[in-house]
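**Student:** To be precise about what I am sending: the file is called final-v4.txt and holds compact mmCIF, C-alpha atoms.
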# COMPACT_ATOMS: atom_id res chain seq x y z
CA MET A 1 -151.37 -247.34 141.77
CA ASN A 2 -151.40 -249.26 138.46
CA THR A 3 -149.22 -247.86 135.70
CA ILE A 4 -151.45 -246.56 132.98
CA SER A 5 -150.23 -246.77 129.41
CA ILE A 6 -150.83 -244.11 126.82
CA LEU A 7 -150.66 -244.66 123.09
CA VAL A 8 -149.94 -241.70 120.83
CA ILE A 9 -150.81 -242.23 117.16
CA LYS A 10 -149.17 -239.32 115.41
CA GLN A 11 -146.49 -238.50 112.90
CA ASP A 12 -143.36 -236.83 114.27
CA ALA A 13 -144.64 -237.21 117.81
CA GLU A 14 -141.31 -236.88 119.65
CA LYS A 15 -141.79 -233.33 120.92
CA PHE A 16 -145.38 -233.96 121.90
CA ILE A 17 -144.42 -237.13 123.78
CA GLU A 18 -141.64 -235.30 125.57
CA SER A 19 -144.09 -232.63 126.77
CA LEU A 20 -146.61 -235.28 127.74
CA ARG A 21 -144.04 -237.25 129.71
CA TYR A 22 -143.02 -234.09 131.55
CA GLY A 23 -146.66 -233.10 132.18
CA LEU A 24 -147.45 -236.51 133.65
CA GLU A 25 -144.26 -236.49 135.75
CA ASN A 26 -143.02 -239.69 134.08
CA LYS A 27 -145.84 -241.67 135.68
CA ALA A 28 -147.22 -243.13 132.44
CA ASP A 29 -145.87 -245.71 130.01
CA ILE A 30 -146.07 -243.87 126.73
CA TYR A 31 -146.03 -245.71 123.38
CA SER A 32 -146.22 -244.25 119.92
CA ALA A 33 -147.21 -245.24 116.41
CA ALA A 34 -146.59 -243.06 113.37
CA THR A 35 -149.33 -244.54 111.18
CA GLY A 36 -152.97 -245.42 111.65
CA LEU A 37 -152.49 -249.07 110.89
CA ASP A 38 -149.61 -249.51 113.34
CA GLY A 39 -151.69 -247.62 115.87
CA LEU A 40 -154.70 -249.93 115.50
CA LEU A 41 -152.55 -253.01 116.04
CA MET A 42 -150.71 -251.53 119.00
CA CYS A 43 -153.95 -250.40 120.56
CA GLN A 44 -155.43 -253.88 120.36
CA ASN A 45 -152.34 -255.42 121.94
CA LEU A 46 -151.67 -252.80 124.60
CA LYS A 47 -155.25 -251.89 125.57
CA PRO A 48 -153.98 -248.50 126.74
CA GLY A 49 -155.83 -246.34 129.25
CA ILE A 50 -155.61 -243.35 126.94
CA VAL A 51 -155.18 -243.19 123.16
CA ILE A 52 -154.30 -239.90 121.49
CA ILE A 53 -154.88 -239.83 117.74
CA ASP A 54 -153.94 -237.05 115.38
CA THR A 55 -156.43 -236.55 112.54
CA ASN A 56 -153.57 -235.97 110.11
CA LEU A 57 -151.99 -239.39 109.57
CA GLU A 58 -150.08 -240.68 106.58
CA ASP A 59 -152.15 -243.75 105.75
CA LEU A 60 -155.62 -243.35 107.29
CA ASN A 61 -157.71 -240.45 108.44
CA GLY A 62 -157.30 -240.12 112.21
CA MET A 63 -161.07 -239.84 112.63
CA THR A 64 -161.47 -243.24 111.03
CA VAL A 65 -158.78 -244.71 113.28
CA SER A 66 -160.48 -243.22 116.32
CA SER A 67 -163.88 -244.60 115.29
CA ILE A 68 -162.47 -248.08 114.67
CA ILE A 69 -160.91 -248.09 118.14
CA LYS A 70 -164.17 -246.98 119.74
CA ASP A 71 -165.95 -249.83 117.90
CA ASN A 72 -163.39 -252.42 119.02
CA TYR A 73 -164.75 -254.38 121.98
CA GLU A 74 -161.24 -255.16 123.23
CA CYS A 75 -160.43 -251.46 123.47
CA ARG A 76 -163.69 -250.41 125.12
CA TYR A 77 -161.99 -249.09 128.25
CA SER A 78 -159.58 -246.83 126.38
CA LEU A 79 -160.27 -243.12 126.56
CA VAL A 80 -159.79 -241.80 123.04
CA TYR A 81 -158.58 -238.29 122.28
CA LEU A 82 -158.93 -237.06 118.73
CA ILE A 83 -156.61 -234.09 118.24
CA GLY A 84 -155.88 -231.62 115.45
CA ILE A 85 -159.50 -231.40 114.33
CA ASP A 86 -160.40 -228.68 111.81
CA CYS A 87 -163.71 -230.17 110.73
CA LEU A 88 -165.54 -233.24 111.91
CA LEU A 89 -166.56 -236.12 109.62
CA GLU A 90 -169.97 -237.64 110.12
CA ASN A 91 -170.03 -240.73 112.37
CA THR A 92 -166.70 -239.92 113.99
CA LYS A 93 -166.33 -241.56 117.39
CA ALA A 94 -164.04 -240.45 120.21
CA ASP A 95 -164.25 -239.41 123.87
CA ARG A 96 -162.48 -236.06 123.59
CA TYR A 97 -162.52 -233.86 120.50
CA ILE A 98 -159.66 -231.35 120.40
CA ASN A 99 -159.51 -228.54 117.88
CA SER A 100 -156.22 -227.96 116.03
CA LYS A 101 -155.95 -224.45 117.50
CA ILE A 102 -155.90 -225.67 121.11
CA PRO A 103 -152.35 -225.17 122.47
CA TYR A 104 -150.52 -228.32 123.56
CA GLU A 105 -150.27 -227.11 127.16
CA ILE A 106 -154.08 -227.06 127.44
CA LEU A 107 -154.38 -230.45 125.79
CA ILE A 108 -151.80 -231.88 128.18
CA ALA A 109 -153.60 -230.34 131.18
CA GLN A 110 -156.77 -232.16 130.10
CA ILE A 111 -154.89 -235.43 129.54
CA LYS A 112 -153.28 -235.03 132.96
CA ARG A 113 -156.70 -234.68 134.58
CA ASP A 114 -158.01 -237.80 132.81
CA PHE A 115 -154.83 -239.69 133.61
CA LYS A 116 -155.19 -238.92 137.32
CA LYS A 117 -158.81 -239.97 137.25
CA ILE A 118 -158.07 -243.27 135.52
CA SER A 119 -155.13 -244.04 137.80
CA GLY A 120 -157.23 -243.37 140.90
CA ASP A 121 -155.23 -240.34 141.98
CA LEU A 122 -158.38 -238.28 142.34
CA GLU A 123 -160.16 -240.71 144.63
CA LEU A 124 -160.53 -239.55 148.21
CA SER A 125 -159.80 -241.74 151.20
CA GLU A 126 -162.82 -242.99 153.12
CA GLU A 127 -161.95 -240.70 156.03
CA TRP A 128 -161.70 -237.70 153.73
CA GLU A 129 -164.91 -238.64 151.90
CA ASN A 130 -166.77 -238.86 155.23
CA GLY A 131 -165.45 -235.45 156.20
CA VAL A 132 -166.73 -233.96 152.96
CA ILE A 133 -170.20 -235.49 153.46
CA ARG A 134 -170.33 -234.27 157.06
CA GLN A 135 -169.14 -230.79 156.07
CA TYR A 136 -172.07 -230.31 153.71
CA ASP A 137 -174.49 -232.07 156.04
CA CYS A 138 -173.73 -229.53 158.79
CA LEU A 139 -173.79 -226.53 156.49
CA VAL A 140 -176.27 -223.84 157.50
CA GLN A 141 -178.99 -223.30 154.93
CA ASP A 142 -179.93 -220.16 153.00
CA PHE A 143 -182.74 -218.02 154.42
CA SER A 144 -185.37 -216.81 151.99
CA SER A 145 -187.39 -213.63 152.50
CA VAL A 146 -190.19 -215.84 153.83
CA ASP A 147 -187.89 -217.24 156.54
CA THR A 148 -186.97 -213.74 157.71
CA GLY A 149 -190.40 -212.13 157.61
CA GLY A 150 -189.65 -210.26 154.40
CA ALA A 151 -186.92 -207.90 155.67
CA PHE A 152 -183.87 -209.63 154.24
CA LYS A 153 -182.53 -212.88 152.86
CA VAL A 154 -179.29 -214.70 153.51
CA ASN A 155 -177.22 -216.83 151.14
CA ARG A 156 -173.94 -218.54 151.72
CA LEU A 157 -171.06 -219.72 149.58
CA LEU A 158 -168.67 -222.52 150.46
CA SER A 159 -166.09 -223.74 148.01
CA PRO A 160 -163.27 -225.65 149.70
CA TYR A 161 -159.83 -225.56 148.14
CA HIS A 162 -159.50 -229.33 148.09
CA HIS A 163 -162.84 -230.81 149.16
CA LEU A 164 -162.49 -229.92 152.84
CA SER A 165 -162.60 -226.33 153.99
CA GLY A 166 -160.72 -224.67 156.84
CA ASP A 167 -163.39 -221.96 156.84
CA GLY A 168 -166.46 -221.95 159.02
CA PHE A 169 -169.57 -219.86 159.32
CA PHE A 170 -172.94 -219.96 160.95
CA TYR A 171 -176.02 -217.80 161.28
CA LYS A 172 -179.35 -218.23 162.95
CA LEU A 173 -182.55 -216.24 163.42
CA LEU A 174 -183.40 -215.97 167.07
CA LYS A 175 -186.20 -214.43 169.05
CA SER A 176 -185.79 -213.60 172.69
CA ASP A 177 -187.75 -215.43 175.37
CA ASP A 178 -188.19 -212.41 177.61
CA GLY A 179 -190.29 -210.35 175.20
CA ASP A 180 -187.44 -207.93 174.42
CA SER A 181 -187.82 -207.69 170.64
CA SER A 182 -184.61 -205.65 170.30
CA LYS A 183 -182.77 -208.96 170.65
CA ASP A 184 -184.70 -210.60 167.80
CA GLY A 185 -182.66 -210.94 164.68
CA LEU A 186 -179.88 -212.63 162.80
CA TYR A 187 -176.91 -213.82 164.83
CA GLY A 188 -173.89 -215.10 162.99
CA PHE A 189 -170.17 -215.32 162.45
CA ILE A 190 -167.54 -216.29 159.91
CA PHE A 191 -164.00 -217.46 160.60
CA ASP A 192 -160.97 -219.03 158.99
CA CYS A 193 -158.73 -221.80 160.34
CA GLU A 194 -155.35 -222.34 158.78
CA GLY A 195 -155.13 -224.99 156.06
CA HIS A 196 -157.73 -227.04 154.28
CA ASP A 197 -157.35 -230.67 155.24
CA LEU A 198 -158.70 -233.14 157.78
CA SER A 199 -156.96 -231.47 160.71
CA SER A 200 -158.10 -227.95 159.83
CA TYR A 201 -161.59 -229.28 159.22
CA GLY A 202 -161.51 -230.78 162.73
CA GLN A 203 -160.42 -227.43 164.08
CA VAL A 204 -163.29 -225.73 162.25
CA ALA A 205 -165.76 -227.95 164.14
CA ALA A 206 -164.16 -227.04 167.49
CA ILE A 207 -164.01 -223.29 166.77
CA LEU A 208 -167.56 -223.32 165.46
CA TYR A 209 -168.69 -224.69 168.79
CA ILE A 210 -166.63 -222.14 170.78
CA ILE A 211 -167.98 -219.12 168.87
CA LYS A 212 -171.54 -220.47 168.88
CA ALA A 213 -171.42 -220.83 172.66
CA ALA A 214 -170.18 -217.25 173.05
CA MET A 215 -172.84 -215.93 170.67
CA TRP A 216 -175.60 -217.65 172.65
CA ARG A 217 -174.23 -216.01 175.79
CA TYR A 218 -174.50 -212.70 173.93
CA GLN A 219 -178.05 -213.43 172.83
CA SER A 220 -179.07 -214.36 176.37
CA GLY A 221 -177.54 -211.15 177.74
CA ASN A 222 -174.73 -212.90 179.59
CA LEU A 223 -172.28 -211.07 177.34
CA THR A 224 -173.42 -207.56 176.54
CA SER A 225 -171.42 -206.74 173.41
CA LEU A 226 -169.79 -208.44 170.46
CA ASN A 227 -166.33 -207.34 171.64
CA GLN A 228 -167.01 -209.35 174.79
CA VAL A 229 -167.91 -212.28 172.53
CA MET A 230 -164.52 -212.02 170.83
CA ALA A 231 -162.71 -211.70 174.16
CA ALA A 232 -164.49 -214.83 175.44
CA VAL A 233 -163.59 -216.77 172.30
CA ASN A 234 -159.99 -215.58 172.49
CA GLU A 235 -159.74 -216.76 176.07
CA GLU A 236 -161.14 -220.14 175.12
CA ILE A 237 -158.67 -220.48 172.23
CA PHE A 238 -155.72 -219.78 174.55
CA SER A 239 -156.97 -222.30 177.08
CA SER A 240 -157.71 -224.95 174.43
CA TYR A 241 -154.55 -224.83 172.30
CA ASN A 242 -150.91 -224.96 173.32
CA SER A 243 -149.45 -224.01 169.95
CA THR A 244 -150.08 -220.75 168.11
CA THR A 245 -153.64 -220.94 166.79
CA LEU A 246 -154.71 -217.91 164.83
CA ILE A 247 -158.35 -217.57 163.86
CA PRO A 248 -159.48 -214.50 161.96
CA ALA A 249 -163.19 -214.12 162.71
CA LEU A 250 -166.06 -211.69 162.49
CA CYS A 251 -169.30 -211.96 164.44
CA PHE A 252 -172.45 -209.97 163.88
CA PHE A 253 -176.01 -209.27 164.90
CA MET A 254 -178.65 -207.68 162.70
CA ASP A 255 -182.08 -206.84 164.07
CA ILE A 256 -185.10 -208.57 162.58
CA ASN A 257 -186.14 -205.47 160.61
CA ALA A 258 -182.66 -205.07 159.14
CA THR A 259 -182.21 -201.51 160.40
CA VAL A 260 -178.91 -201.92 162.23
CA PHE A 261 -175.96 -204.25 161.68
CA ARG A 262 -173.62 -204.69 164.64
CA TYR A 263 -170.31 -206.40 164.02
CA CYS A 264 -166.96 -207.07 165.58
CA SER A 265 -163.98 -208.23 163.58
CA ALA A 266 -161.01 -210.05 165.02
CA GLY A 267 -158.61 -210.24 162.10
CA ILE A 268 -161.06 -210.33 159.21
CA PRO A 269 -159.61 -207.28 157.47
CA THR A 270 -162.57 -206.12 155.42
CA PHE A 271 -166.11 -206.83 154.41
CA LEU A 272 -168.19 -205.49 151.58
CA VAL A 273 -171.23 -203.24 151.70
CA LYS A 274 -173.30 -202.47 148.65
CA TYR A 275 -175.27 -199.23 148.99
CA LYS A 276 -178.45 -198.45 147.10
CA GLY A 277 -177.74 -196.91 143.71
CA HIS A 278 -174.05 -197.82 143.84
CA HIS A 279 -172.68 -200.02 141.10
CA LYS A 280 -169.81 -201.42 143.14
CA ALA A 281 -169.61 -202.56 146.74
CA ASP A 282 -167.60 -200.50 149.23
CA SER A 283 -164.94 -202.22 151.26
CA ILE A 284 -165.26 -201.60 155.00
CA LYS A 285 -161.93 -201.86 156.76
CA CYS A 286 -161.85 -203.63 160.11
CA ARG A 287 -158.33 -203.21 161.44
CA SER A 288 -158.19 -205.57 164.38
CA PHE A 289 -156.15 -208.29 166.07
CA ILE A 290 -156.61 -211.91 165.04
CA LEU A 291 -158.08 -214.26 167.64
CA GLY A 292 -155.29 -216.26 169.22
CA TYR A 293 -152.60 -213.62 168.62
CA ASP A 294 -152.40 -212.19 172.12
CA GLN A 295 -154.18 -213.07 175.34
CA ASP A 296 -154.66 -209.40 176.18
CA SER A 297 -156.05 -208.23 172.84
CA THR A 298 -159.22 -206.18 172.86
CA TRP A 299 -161.75 -205.50 170.12
CA ASP A 300 -164.38 -202.92 169.20
CA GLU A 301 -167.98 -203.52 168.35
CA LYS A 302 -169.04 -201.36 165.41
CA LEU A 303 -172.44 -200.34 164.16
CA LEU A 304 -173.60 -199.94 160.59
CA LYS A 305 -176.93 -198.25 159.92
CA MET A 306 -178.76 -200.13 157.23
CA ASP A 307 -180.84 -197.23 155.81
CA ASP A 308 -179.08 -197.12 152.44
CA VAL A 309 -177.58 -200.58 152.50
CA GLU A 310 -178.62 -203.09 149.89
CA GLU A 311 -176.29 -205.95 150.66
CA ILE A 312 -173.56 -206.98 153.09
CA ILE A 313 -171.00 -209.57 152.02
CA LEU A 314 -168.84 -211.17 154.71
CA THR A 315 -165.87 -213.18 153.51
CA THR A 316 -162.78 -214.94 154.78
CA ASP A 317 -159.35 -214.13 153.39
CA GLY A 318 -159.60 -216.63 150.51
CA LEU A 319 -162.07 -214.45 148.67
CA ASN A 320 -160.70 -211.26 150.21
CA ASP A 321 -157.19 -211.91 148.87
CA LEU A 322 -158.57 -212.58 145.41
CA LEU A 323 -160.67 -209.41 145.39
CA ARG A 324 -157.70 -207.43 146.66
CA GLU A 325 -155.48 -208.97 143.99
CA LYS A 326 -157.96 -208.19 141.23
CA SER A 327 -158.39 -204.59 142.32
CA SER A 328 -154.68 -203.88 142.74
CA ASP A 329 -152.65 -202.12 140.06
CA ASP A 330 -150.31 -205.04 139.80
CA ASN A 331 -152.12 -207.47 137.50
CA THR A 332 -149.25 -209.85 136.92
CA GLN A 333 -151.12 -212.98 137.93
CA VAL A 334 -149.09 -216.02 137.03
CA PHE A 335 -151.23 -218.78 138.44
CA ALA A 336 -154.88 -219.27 139.29
CA LYS A 337 -154.46 -218.74 143.01
CA HIS A 338 -157.35 -219.98 145.01
CA ASP A 339 -158.01 -220.95 148.56
CA ASP A 340 -161.05 -221.88 150.57
CA ILE A 341 -163.72 -219.52 149.34
CA SER A 342 -166.58 -218.78 151.67
CA ALA A 343 -168.95 -215.89 152.18
CA ILE A 344 -172.24 -214.88 153.75
CA PHE A 345 -174.49 -212.60 151.68
CA ILE A 346 -177.11 -210.63 153.58
CA LYS A 347 -179.45 -208.90 151.20
CA LYS A 348 -181.88 -206.32 152.52
CA LEU A 349 -185.25 -206.37 150.80
CA GLN A 350 -187.43 -203.46 149.86
CA LYS A 351 -190.69 -203.52 151.80
CA LYS A 352 -193.67 -203.40 149.48
CA MET B 1 -129.60 -221.19 154.23
CA GLN B 2 -131.92 -219.57 151.72
CA TYR B 3 -134.14 -217.43 153.91
CA PHE B 4 -132.20 -216.63 157.09
CA THR B 5 -128.94 -214.92 157.78
CA ILE B 6 -127.40 -215.06 161.22
CA LYS B 7 -125.25 -212.50 162.99
CA ASN B 8 -124.34 -213.37 166.55
CA ALA B 9 -127.60 -214.18 168.32
CA GLU B 10 -129.70 -212.24 165.80
CA ALA B 11 -131.32 -213.77 162.73
CA THR B 12 -132.83 -211.95 159.77
CA LEU B 13 -135.55 -213.56 157.73
CA ALA B 14 -135.84 -212.23 154.17
CA VAL B 15 -138.22 -213.83 151.72
CA GLN B 16 -137.89 -212.87 148.07
CA GLY B 17 -141.20 -212.59 146.21
CA ASN B 18 -144.16 -214.32 147.78
CA TYR B 19 -144.36 -215.37 151.40
CA THR B 20 -147.16 -217.88 150.91
CA THR B 21 -148.02 -221.54 151.58
CA SER B 22 -145.53 -222.99 149.10
CA ILE B 23 -142.45 -221.91 151.07
CA LEU B 24 -143.70 -222.36 154.65
CA LYS B 25 -142.18 -225.78 155.14
CA ALA B 26 -138.74 -224.68 153.98
CA VAL B 27 -138.82 -221.50 156.09
CA LYS B 28 -139.92 -223.48 159.16
CA ALA B 29 -137.09 -225.98 158.71
CA GLU B 30 -134.54 -223.17 158.51
CA PHE B 31 -136.06 -221.43 161.51
CA LYS B 32 -135.53 -224.56 163.60
CA ASN B 33 -131.86 -224.50 162.64
CA VAL B 34 -131.66 -220.83 163.50
CA ILE B 35 -133.04 -221.46 166.98
CA ASN B 36 -130.78 -224.48 167.45
CA ASN B 37 -127.83 -222.23 166.57
CA GLY B 38 -128.64 -220.09 169.59
CA CYS B 39 -130.43 -217.17 167.96
CA ILE B 40 -132.75 -215.39 170.33
CA LYS B 41 -133.71 -212.38 168.23
CA LEU B 42 -135.54 -212.33 164.91
CA ILE B 43 -135.91 -209.50 162.39
CA VAL B 44 -138.12 -209.93 159.35
CA ASP B 45 -136.89 -207.88 156.41
CA PHE B 46 -139.70 -207.37 153.90
CA SER B 47 -137.59 -205.37 151.40
CA ASN B 48 -137.94 -207.99 148.70
CA THR B 49 -141.24 -209.51 149.73
CA ASN B 50 -144.10 -208.63 147.41
CA ILE B 51 -146.93 -210.67 148.87
CA ILE B 52 -147.70 -212.21 152.22
CA ASP B 53 -150.88 -214.18 152.79
CA SER B 54 -152.59 -215.42 155.94
CA THR B 55 -150.44 -218.54 156.14
CA GLY B 56 -147.27 -216.45 155.98
CA LEU B 57 -148.60 -214.12 158.70
CA SER B 58 -149.55 -217.09 160.79
CA GLN B 59 -146.04 -218.47 160.55
CA LEU B 60 -144.54 -215.15 161.62
CA CYS B 61 -146.85 -215.09 164.65
CA GLU B 62 -145.61 -218.55 165.53
CA PHE B 63 -141.96 -217.41 165.23
CA ARG B 64 -142.77 -214.32 167.32
CA ASN B 65 -144.14 -216.51 170.07
CA GLU B 66 -141.06 -218.69 169.92
CA VAL B 67 -138.54 -215.84 170.28
CA HIS B 68 -140.91 -213.77 172.48
CA ALA B 69 -142.53 -210.51 171.40
CA ALA B 70 -139.72 -208.26 172.65
CA ASN B 71 -137.17 -210.05 170.46
CA PHE B 72 -139.23 -209.90 167.31
CA SER B 73 -139.51 -207.05 164.82
CA ALA B 74 -139.95 -206.34 161.13
CA ARG B 75 -138.81 -203.66 158.71
CA ASN B 76 -139.12 -202.36 155.16
CA ALA B 77 -142.68 -203.51 154.51
CA HIS B 78 -144.17 -201.88 151.44
CA GLY B 79 -147.07 -202.22 149.01
CA ARG B 80 -149.35 -205.18 149.58
CA VAL B 81 -147.30 -206.54 152.46
CA LEU B 82 -147.70 -203.26 154.34
CA THR B 83 -151.45 -203.25 153.63
CA VAL B 84 -151.83 -206.78 154.97
CA LEU B 85 -149.88 -205.92 158.13
CA GLN B 86 -151.98 -202.79 158.68
CA ASP B 87 -155.25 -204.64 158.09
CA SER B 88 -154.27 -207.24 160.65
CA ASN B 89 -153.15 -204.63 163.15
CA LEU B 90 -149.67 -206.11 163.01
CA ASP B 91 -147.84 -203.03 161.70
CA GLY B 92 -146.68 -202.53 165.28
CA TRP B 93 -144.02 -205.10 164.38
CA LEU B 94 -142.38 -202.56 162.08
CA LYS B 95 -139.33 -200.75 163.37
CA ALA B 96 -137.43 -198.18 161.36
I'd like the structure from this file rewritten - as structure tokens, please.
**Tutor:**
Amino acid sequence: MNTISILVIKQDAEKFIESLRYGLENKADIYSAATGLDGLLMCQNLKPGIVIIDTNLEDLNGMTVSSIIKDNYECRYSLVYLIGIDCLLENTKADRYINSKIPYEILIAQIKRDFKKISGDLELSEEWENGVIRQYDCLVQDFSSVDTGGAFKVNRLLSPYHHLSGDGFFYKLLKSDDGDSSKDGLYGFIFDCEGHDLSSYGQVAAILYIIKAAMWRYQSGNLTSLNQVMAAVNEEIFSSYNSTTLIPALCFFMDINATVFRYCSAGIPTFLVKYKGHHKADSIKCRSFILGYDQDSTWDEKLLKMDDVEEIILTTDGLNDLLREKSSDDNTQVFAKHDDISAIFIKKLQKK
Amino acid sequence: MQYFTIKNAEATLAVQGNYTTSILKAVKAEFKNVINNGCIKLIVDFSNTNIIDSTGLSQLCEFRNEVHAANFSARNAHGRVLTVLQDSNLDGWLKA
């Protein structure tokens, strides 16, 4: 990684530079100039990656200094921050305009982001990039009301923690071959592998295949209940992995007319159901063992009548934890916790 | 050791605050030492643990497998930790 230099043009900049150095973990060469004129000369010589200019300078208006730098061909690659702005002069040029009321910690967070981008820290490896492309390429699509014959629609949300998700989900509309329409409907599942990197993404692909295979056995009548699906998946996990491999999962089947929702959870603690006329969704508890915890675990298939149901939201623990955190009495959140966020939204439609 | 205390062949794991991803590596490293020191029994004391997430649970399951289910137990779970254990059907770990 090349060392990126930063030029700070500001009076009494010591404290600011100290915070900046700390924020950037001493990875940048930081220079400073107390006046606009010194700053212009230093900028031309150094050609810094980032220039931070305070509007309030002793000799020149910072906005003028910033505009001159943006006009200078030799400094064309510098990213220019103009800070301490109370009002903006016409024809001012800069890349980032920062109001005087913005706290330093927010300014430094923004500089840190730009610094990482310039220094190539945010670039993904080819392997990682390919994984990301493949992840979205394989992602199941939304179903509109037209796709489902007007009874319901399905949307999905996938937001990996760091580009690659350890979560997986799938759903498909299937009709039976043997004329038994009770088997026609939406088959699906959601699960969560530990971590969110290349290895967990690889595990997602394997688990996706294992649960899909069991669900097709269920659809064909080879397995007669969703608890048998979970037992089959659990068995496969124990035979496929030597080390402890825990996979919270929930599989479901909803008939084509959206009258009944059958589900079986294996470690997905809750899901949300929004009833007609209710403002907030109810949380349905699914106390159950996680797949991979014990070879002899058993599960229960449950049934939810859809008469008064408007929407079902199935999530993994990333979103679950956040919802739990937000609804708890203890609101002392100190950092923006986030994980892989994924969910399936099944919305029942009113027949016209 | 920061997280484990050892008495004879019994180790107690006590995490202060949050048992989440950020401490897993350190806890795992200490656990290896604990096992190498001949401990065969593990008790998890949740007295001072406020939060446990799925990665923390996962690690405990791994430790449980290592020492075998009969030698693994937990105690003093409360608040959100207790809820998480109950939701995951793992409150059977708790012994008075």
**Student:** Identify, on the basis of all atoms listed in the file, every residue whose closest approach to Asp53 of chain B does not exceed 9 Å; exclude the query and any residue fewer than 6 positions from it along the same chain; express the result as a PyMOL selection string.
**Tutor:** (chain A and resi 317+321) or (chain B and resi 18-21+81+84)
**Student:** Would you mind reading off the distance between atom CA of Ile108 of chain A and atom CA of Ile30 of chain A, one decimal, in Å?
**Tutor:**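 Separation between atom CA of Ile108 of chain A and atom CA of Ile30 of chain A: 13.4 Å.
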**Student:** Would you list which chain A residues are within 9 Å of chain B using all atoms listed in the file, as a PyMOL selection string?
**Tutor:** chain A and resi 194-195+243-246+266-270+285-290+293+317-318+321+328
**Student:** Counting all atoms listed in the file, which of A:Lys10, A:Ile17, A:Ser32, A:Ala281 gets nearest to Leu60 of chain A?
**Tutor:**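 Using all atoms listed in the file, Leu60 of chain A sits closest to A:Lys10.
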**Student:** How would you write as an NGL selection string the residues that get within 8 Å of (-133.3, -215.6, 172.3) in the file's frame, counting all atoms listed in the file?
**Tutor:** :B and (9 or 35 or 38-41 or 67-68 or 71)
**Student:** Fewer than 6 positions away in the same chain doesn't count, so skip those; otherwise give me all residues within 6 Å of Ile312 of chain A, counting all atoms listed in the file, as a VMD selection string.
**Tutor:** chain A and resid 272 to 273 345 to 346
**Student:** Would you export the selected residues with C-alpha atoms as a compact mmCIF listing (two decimals), in the frame of the given file, please?
**Tutor:**
# COMPACT_ATOMS: atom_id res chain seq x y z
CA LEU A 272 -168.19 -205.49 151.58
CA VAL A 273 -171.23 -203.24 151.70
CA PHE A 345 -174.49 -212.60 151.68
CA ILE A 346 -177.11 -210.63 153.58
**Student:** Write out as a PyMOL selection string which residues come within 10 Å of segment 179-190 of chain A when counting only C-alpha atoms, dropping same-chain ones fewer than 4 positions away.
**Tutor:** chain A and resi 148+152+154+167-175+208+211-212+215-216+218-221+248-258+261-265+268+314-316+342-344+346
**Student:** Rank B:Asn76, B:Gln2, B:Asn36, B:Thr12 by their smallest atom-to-atom distance to Thr49 of chain B, using all atoms listed in the file, and report the top residue only.
**Tutor:** B:Asn76
**Student:** In the coordinate frame of the file, compute which residues have an atom within 12 Å of (-153.3, -231.9, 130.9) when using only C-alpha atoms, and state them as a PyMOL selection string.
**Tutor:** chain A and resi 19-25+81+102-117
**Student:** Between atom CA of Thr224 of chain A and atom CA of Tyr275 of chain A, what is the spacing in Å?
**Tutor:** 28.8 Å
**Student:** Please measure the separation of atom CA of Met42 of chain A and atom CA of Ser78 of chain A, giving the value in Å to one decimal.
**Tutor:** 12.5 Å
**Student:** Which polymer residues have any atom within 9 Å of an atom of Val44 of chain B, counting all atoms listed in the file, with same-chain residues fewer than 2 positions away left out, as a ChimeraX atom specification?
**Tutor:** /B:11-15,42,46,60,72-76,94
**Student:** Rank B:Ala70, B:Glu10, B:Ile52, B:Ala77 by their smallest atom-to-atom distance to Phe31 of chain B, using only C-alpha atoms, and report the top residue only.
**Tutor:** B:Glu10
